[in-house]
$ cat model31.cif   # mmCIF, C-alpha atoms
data_entry
loop_
_atom_site.label_atom_id
_atom_site.label_comp_id
_atom_site.auth_asym_id
_atom_site.auth_seq_id
_atom_site.Cartn_x
_atom_site.Cartn_y
_atom_site.Cartn_z
CA MET A 186 0.00 0.00 0.00
CA SER A 187 1.54 3.28 -1.12
CA GLU A 188 0.48 5.14 2.03
CA GLN A 189 2.70 2.82 4.10
CA LEU A 190 5.94 3.35 2.17
CA VAL A 191 9.08 4.49 3.97
CA GLY A 192 12.33 6.04 2.83
CA PRO A 193 15.66 4.26 2.23
CA HIS A 194 17.00 5.16 5.66
CA PHE A 195 14.02 3.97 7.70
CA ASN A 196 14.90 1.98 10.81
CA LEU A 197 12.26 0.81 13.30
CA ALA A 198 14.69 0.89 16.23
CA LEU A 199 15.55 4.51 15.44
CA MET A 200 11.84 5.35 15.30
CA GLN A 201 11.44 3.90 18.79
CA LYS A 202 14.50 5.77 20.02
CA ALA A 203 13.26 9.05 18.53
CA GLN A 204 9.92 8.68 20.30
CA GLN A 205 11.66 8.02 23.61
CA GLN A 206 13.94 11.04 23.19
CA GLY A 207 10.95 13.17 22.26
CA LEU A 208 9.07 12.07 25.38
CA SER A 209 12.03 13.06 27.55
CA ALA A 210 12.11 16.53 26.00
CA TRP A 211 8.33 16.81 26.29
CA ALA A 212 8.47 16.09 30.03
CA ALA A 213 11.17 18.74 30.48
CA ILE A 214 9.09 21.29 28.62
CA ALA A 215 6.00 20.55 30.71
CA LYS A 216 7.96 21.24 33.90
CA GLN A 217 8.89 24.71 32.64
CA ILE A 218 5.42 25.89 31.61
CA ARG A 219 4.31 28.69 33.94
CA VAL A 220 1.02 30.38 34.79
CA GLY A 221 0.92 33.70 32.95
CA MET A 222 2.83 32.47 29.89
CA SER A 223 1.53 33.19 26.43
CA GLU A 224 1.38 30.38 23.88
CA ALA A 225 4.11 32.11 21.86
CA GLU A 226 6.39 32.09 24.90
CA ALA A 227 5.63 28.43 25.55
CA ASN A 228 6.33 27.45 21.95
CA ALA A 229 9.61 29.38 21.97
CA LEU A 230 10.59 27.56 25.17
CA ALA A 231 9.77 24.23 23.53
CA LEU A 232 12.11 24.93 20.61
CA VAL A 233 14.99 25.69 22.97
CA VAL A 234 14.42 22.55 25.06
CA LEU A 235 14.09 20.33 21.99
CA SER A 236 17.39 21.67 20.67
CA ASP A 237 19.01 21.04 24.05
CA PHE A 238 17.80 17.44 23.89
CA GLY A 239 19.43 16.95 20.50
CA ALA A 240 16.59 17.44 18.03
CA GLU A 241 18.09 18.03 14.58
CA THR A 242 14.99 19.82 13.37
CA ASN A 243 11.21 19.63 13.81
CA TRP A 244 9.03 18.08 11.17
CA HIS A 245 6.27 20.26 12.60
CA PRO A 246 6.76 23.21 14.98
CA PRO A 247 5.72 22.87 18.64
CA ILE A 248 2.02 23.48 19.20
CA ILE A 249 1.05 24.42 22.74
CA ARG A 250 -2.58 25.41 23.35
CA PHE A 251 -4.01 27.00 26.49
CA GLY A 252 -7.62 27.11 27.67
CA ALA A 253 -10.25 27.39 24.96
CA ASN A 254 -7.54 27.00 22.31
CA SER A 255 -7.28 23.36 23.42
CA CYS A 256 -10.37 22.74 21.27
CA LYS A 257 -8.55 23.80 18.08
CA ILE A 258 -6.84 21.41 15.69
CA TYR A 259 -3.24 21.83 14.52
CA SER A 260 -4.17 23.74 11.35
CA GLU A 261 -6.29 26.34 13.16
CA ALA A 262 -4.76 29.54 14.49
CA SER A 263 -5.05 30.10 18.23
CA ASP A 264 -7.20 32.93 19.51
CA PRO A 265 -4.71 35.71 20.28
CA GLY A 266 -3.81 37.03 23.71
CA VAL A 267 -4.48 33.79 25.59
CA ARG A 268 -2.30 33.17 28.65
CA LEU A 269 -2.19 30.21 30.99
CA GLN A 270 -4.45 30.74 34.01
CA LYS A 271 -4.15 29.46 37.59
CA SER A 272 -7.00 27.07 36.86
CA ASP A 273 -6.59 25.85 33.30
CA ILE A 274 -6.09 23.05 30.82
CA PHE A 275 -3.48 22.87 28.08
CA PHE A 276 -1.77 20.47 25.72
CA ILE A 277 1.71 20.13 24.29
CA ASP A 278 2.23 18.70 20.78
CA LEU A 279 5.81 18.14 19.58
CA GLY A 280 7.27 16.87 16.29
CA PRO A 281 11.06 16.57 16.71
CA VAL A 282 13.50 14.69 14.48
CA PHE A 283 16.32 12.62 16.00
CA GLU A 284 18.90 10.75 13.91
CA GLY A 285 16.83 11.37 10.81
CA HIS A 286 13.65 9.83 12.25
CA GLU A 287 10.46 11.60 13.26
CA ALA A 288 8.70 11.52 16.61
CA ASP A 289 5.29 12.88 17.58
CA ILE A 290 4.21 13.43 21.17
CA GLY A 291 1.09 15.07 22.53
CA ALA A 292 -0.69 15.08 25.88
CA THR A 293 -2.96 17.20 28.03
CA PHE A 294 -2.13 18.84 31.35
CA VAL A 295 -4.16 20.43 34.12
CA VAL A 296 -3.31 23.43 36.28
CA GLY A 297 -5.40 23.85 39.43
CA ASP A 298 -8.24 21.73 40.74
CA ALA A 299 -11.18 22.31 38.39
CA PRO A 300 -12.99 18.95 38.17
CA GLU A 301 -14.04 19.56 34.55
CA HIS A 302 -10.41 20.07 33.53
CA LYS A 303 -9.26 16.97 35.36
CA ALA A 304 -12.06 14.86 33.91
CA CYS A 305 -11.35 16.01 30.35
CA ALA A 306 -7.62 15.28 30.63
CA ALA A 307 -8.35 11.91 32.21
CA ALA A 308 -10.86 11.06 29.49
CA VAL A 309 -8.54 11.66 26.55
CA ALA A 310 -5.78 9.58 28.16
CA THR A 311 -8.25 6.79 28.91
CA ILE A 312 -9.57 6.78 25.36
CA PHE A 313 -6.04 6.79 23.96
CA GLN A 314 -5.05 3.79 26.05
CA GLN A 315 -8.23 1.89 25.17
CA VAL A 316 -7.71 2.49 21.46
CA ALA A 317 -3.98 1.61 21.51
CA MET A 318 -4.70 -1.62 23.36
CA HIS A 319 -7.55 -2.45 20.97
CA TRP A 320 -5.18 -2.15 18.01
CA GLN A 321 -2.47 -4.23 19.69
CA LYS A 322 -4.98 -6.98 20.55
CA THR A 323 -6.95 -7.09 17.30
CA GLY A 324 -4.65 -5.73 14.58
CA CYS A 325 -7.67 -3.89 13.19
CA HIS A 326 -7.49 -1.57 10.20
CA GLY A 327 -7.16 2.19 10.64
CA ASP A 328 -10.74 3.06 9.74
CA GLU A 329 -12.02 0.43 12.20
CA LEU A 330 -9.69 1.80 14.86
CA TYR A 331 -11.14 5.30 14.62
CA ALA A 332 -14.70 4.03 14.62
CA PHE A 333 -13.82 2.32 17.90
CA ALA A 334 -12.20 5.54 19.20
CA GLU A 335 -15.36 7.55 18.55
CA GLN A 336 -17.43 4.96 20.40
CA GLN A 337 -15.14 5.24 23.44
CA ALA A 338 -15.33 9.05 23.45
CA LEU A 339 -19.11 9.09 23.21
CA ALA A 340 -19.36 6.50 25.98
CA LEU A 341 -17.50 8.91 28.28
CA GLY A 342 -19.75 11.80 27.26
CA TYR A 343 -17.29 13.74 25.06
CA GLN A 344 -17.43 14.93 21.48
CA PHE A 345 -14.90 13.17 19.23
CA ASN A 346 -13.05 15.34 16.72
CA GLN A 347 -13.28 13.50 13.39
CA GLU A 348 -10.92 16.00 11.74
CA ILE A 349 -8.07 14.43 13.73
CA LYS A 350 -7.57 10.85 12.56
CA GLY A 351 -3.88 10.13 12.98
CA HIS A 352 -1.18 10.38 10.35
CA ARG A 353 2.07 9.05 8.91
CA LEU A 354 5.63 9.39 10.19
CA GLY A 355 8.93 7.82 9.18
CA ASP A 356 12.44 8.75 8.26
CA PHE A 357 12.58 12.50 7.70
CA PRO A 358 10.84 13.83 5.69
CA HIS A 359 8.16 11.18 5.47
CA ARG A 360 6.13 13.29 3.03
CA LEU A 361 8.60 12.43 0.27
CA TYR A 362 7.43 8.82 0.39
CA ALA A 363 3.92 8.67 1.79
CA ASN A 364 1.19 10.58 3.56
CA GLY A 365 -2.35 9.86 4.61
CA SER A 366 -4.72 9.53 7.51
CA LEU A 367 -4.71 6.54 9.87
CA GLY A 368 -8.48 6.84 10.20
CA ASP A 369 -8.88 6.39 6.43
CA LEU A 370 -6.56 3.38 6.17
CA THR A 371 -8.54 0.35 4.97
CA GLY A 372 -5.79 -2.15 5.61
CA PRO A 373 -3.41 -3.43 8.28
CA VAL A 374 -1.50 -0.74 10.21
CA ARG A 375 2.25 -1.08 9.65
CA ASP A 376 4.37 -1.07 12.80
CA GLY A 377 6.09 2.16 13.86
CA ILE A 378 4.99 4.56 11.13
CA TRP A 379 1.50 5.63 12.20
CA VAL A 380 0.56 8.12 14.90
CA LEU A 381 -2.53 7.46 16.99
CA GLU A 382 -4.05 10.89 17.54
CA ILE A 383 -7.08 11.53 19.74
CA GLN A 384 -8.79 14.88 20.30
CA ILE A 385 -12.00 15.38 22.26
CA ARG A 386 -14.11 18.31 23.37
CA HIS A 387 -16.23 18.82 26.45
CA PRO A 388 -19.94 18.69 25.48
CA LYS A 389 -20.71 22.04 27.13
CA LEU A 390 -17.50 23.88 28.05
CA PRO A 391 -14.89 25.38 25.66
CA ILE A 392 -12.16 22.94 26.70
CA GLY A 393 -10.60 19.97 24.95
CA GLY A 394 -8.19 17.12 25.44
CA PHE A 395 -5.49 15.89 23.07
CA MET A 396 -3.10 12.95 23.05
CA GLU A 397 -0.89 11.23 20.48
CA GLN A 398 2.02 8.83 20.15
CA VAL A 399 3.51 6.56 17.51
CA LEU A 400 1.99 3.07 17.50
CA PHE A 401 4.43 0.20 17.97
CA ILE A 402 3.32 -3.41 17.84
CA ALA A 403 6.62 -5.01 18.94
CA ALA A 404 6.07 -6.40 22.42
CA GLU A 405 8.72 -4.38 24.27
CA ALA A 406 7.84 -1.13 22.51
CA ALA A 407 4.12 -1.67 22.96
CA GLN A 408 4.53 -2.30 26.67
CA TRP A 409 6.76 0.75 27.03
CA CYS A 410 4.20 2.90 25.20
CA LEU A 411 1.36 1.74 27.43
CA GLU A 412 3.38 2.34 30.58
CA ASN A 413 4.02 5.90 29.46
CA VAL A 414 0.33 6.65 28.89
CA ALA A 415 -1.02 4.63 31.80
CA ALA A 416 -1.44 7.59 34.15
CA PRO A 417 -4.95 8.95 33.55
CA PHE A 418 -3.70 12.53 33.43
CA VAL A 419 -0.79 14.68 34.49
CA TRP A 420 -0.99 17.61 36.87
CA VAL A 421 1.66 20.29 36.74
CA ASN A 422 2.23 22.72 39.56
CA CYS A 423 2.86 25.78 37.46
CA LYS A 424 4.37 28.79 39.18
CA ALA A 425 3.40 32.27 38.07
CA VAL A 426 5.66 34.08 35.63
CA VAL A 427 7.40 36.91 37.48
#
$ encode --input "model31.cif" --output "structure tokens"
Amino acid sequence: MSEQLVGPHFNLALMQKAQQQGLSAWAAIAKQIRVGMSEAEANALALVVLSDFGAETNWHPPIIRFGANSCKIYSEASDPGVRLQKSDIFFIDLGPVFEGHEADIGATFVVGDAPEHKACAAAVATIFQQVAMHWQKTGCHGDELYAFAEQQALALGYQFNQEIKGHRLGDFPHRLYANGSLGDLTGPVRDGIWVLEIQIRHPKLPIGGFMEQVLFIAAEAAQWCLENVAAPFVWVNCKAVV
């Protein structure tokens, strides 16, 4: 299938390593996000940290969304002037390249104790884990996987964003060889080149949850991936920007 092609330098072990390095950088960025920051400041911080962690480039720029902007997809511009509040929700989406291979990491964080924020962040992580495990157990096709994902979101009472259906990765730049949406794939999902991407929205409030990682079917990588998304959500104790 043409949408599953990779380049001449593709290496599955390097894809796994890139994802692990990206997760380490992502955790470091999350620790440095502060109440009062603008999204532009947060994205600039992310670029510095990614470089410090050895990213050669970014196949997509960092996307950090605060508050109501957490409902927007990657191609939508954020509402201007939004800063992180003491009680808030936000997500971090990174696309670094390490050793010529692309990673993609996204997850949702909560600042403060608002139950709606906590529930939304918990829901997207739960859905992500359910969907990843469903794929690993059944080997279902991409379109079937996203039909299952929507069912899980609706069961938890959240709107499922059908504009976000996962995508390709590979050796950089993957777009030279293949593109496409995981949710439109009517065939088996090749190991280590597809990103599971889940975005939900609260049914009443202007807040959303987002999570993504590369899918690996190899036993060790699959277990590692599940361990890293097992926590239902992540709280960060953000200090105010002075």
$ residues_around --input "model31.cif" --residues "Leu330 of chain A" --least-positions-apart "6" --cutoff "7 Å" --atoms "only C-alpha atoms" --output "ChimeraX atom specification"
/A:316,320,368
$ residues_around --input "model31.cif" --residues "Leu370 of chain A" --least-positions-apart "4" --cutoff "12 Å" --atoms "all atoms listed in the file" --output "list in words"
Met186, Ser187, Glu188, Gln189, Cys325, His326, Gly327, Asp328, Glu329, Leu330, Tyr331, Ala332, Lys350, Gly351, His352, Arg353, Asn364, Gly365, Ser366, Val374, Arg375 and Trp379 of chain A
$ residues_around --input "model31.cif" --residues "segment 244-255 of chain A" --least-positions-apart "4" --cutoff "6 Å" --atoms "all atoms listed in the file" --output "compact mmCIF listing (two decimals) with C-alpha atoms, keeping the file's coordinate frame"
# COMPACT_ATOMS: atom_id res chain seq x y z
CA ASN A 228 6.33 27.45 21.95
CA SER A 263 -5.05 30.10 18.23
CA LEU A 269 -2.19 30.21 30.99
CA ASP A 273 -6.59 25.85 33.30
CA ILE A 274 -6.09 23.05 30.82
CA PHE A 275 -3.48 22.87 28.08
CA PHE A 276 -1.77 20.47 25.72
CA ILE A 277 1.71 20.13 24.29
CA ASP A 278 2.23 18.70 20.78
CA LEU A 279 5.81 18.14 19.58
CA GLY A 280 7.27 16.87 16.29
CA PRO A 391 -14.89 25.38 25.66
CA ILE A 392 -12.16 22.94 26.70
CA GLY A 393 -10.60 19.97 24.95
$ atom_distance --input "model31.cif" --atom1 "atom CA of Pro281 of chain A" --atom2 "atom CA of Lys257 of chain A"
20.9 Å
$ atom_distance --input "model31.cif" --atom1 "atom CA of Asp356 of chain A" --atom2 "atom CA of Ala229 of chain A"
24.9 Å
$ residues_around --input "model31.cif" --residues "segment 192-206 of chain A" --least-positions-apart "2" --cutoff "10 Å" --atoms "all atoms listed in the file" --output "VMD selection string"
chain A and resid 190 208 to 211 235 238 to 240 280 to 290 354 to 363 376 to 378 398 to 401 403 406 409 to 410 413
$ atom_distance --input "model31.cif" --atom1 "atom CA of Ser223 of chain A" --atom2 "atom CA of Val267 of chain A"
6.1 Å
$ closest_residue --input "model31.cif" --among "A:Val233, A:Ala213, A:Met396, A:Val295" --to "Ile312 of chain A" --atoms "only C-alpha atoms"
A:Met396
$ closest_residue --input "model31.cif" --among "A:Phe395, A:Asp298, A:Val220, A:Glu335" --to "Gln270 of chain A" --atoms "only C-alpha atoms"
A:Val220
$ resolve_selection --input "model31.cif" --expression "the PyMOL selection byres ((chain A and resi 219) around 12)" --output "NGL selection string"
:A and (214-218 or 220-224 or 226-227 or 230 or 251 or 268-273 or 275 or 295-296 or 421-427)
$ closest_residue --input "model31.cif" --among "A:Cys305, A:Glu348, A:Gln336, A:Lys322" --to "Glu261 of chain A" --atoms "all atoms listed in the file"
A:Glu348
$ closest_residue --input "model31.cif" --among "A:Cys256, A:Leu341, A:Asp237, A:Ala317" --to "Leu390 of chain A" --atoms "all atoms listed in the file"
A:Cys256
$ closest_residue --input "model31.cif" --among "A:Val191, A:Ile383, A:Met318, A:Val234" --to "Gln347 of chain A" --atoms "only C-alpha atoms"
A:Ile383
$ axis_aligned_box --input "model31.cif" --around "segment 223-228 of chain A" --padding-each-side "4 Å" --output "AutoDock Vina command-line options"
--center_x 3.9 --center_y 30.3 --center_z 24.1 --size_x 13.0 --size_y 13.7 --size_z 12.6
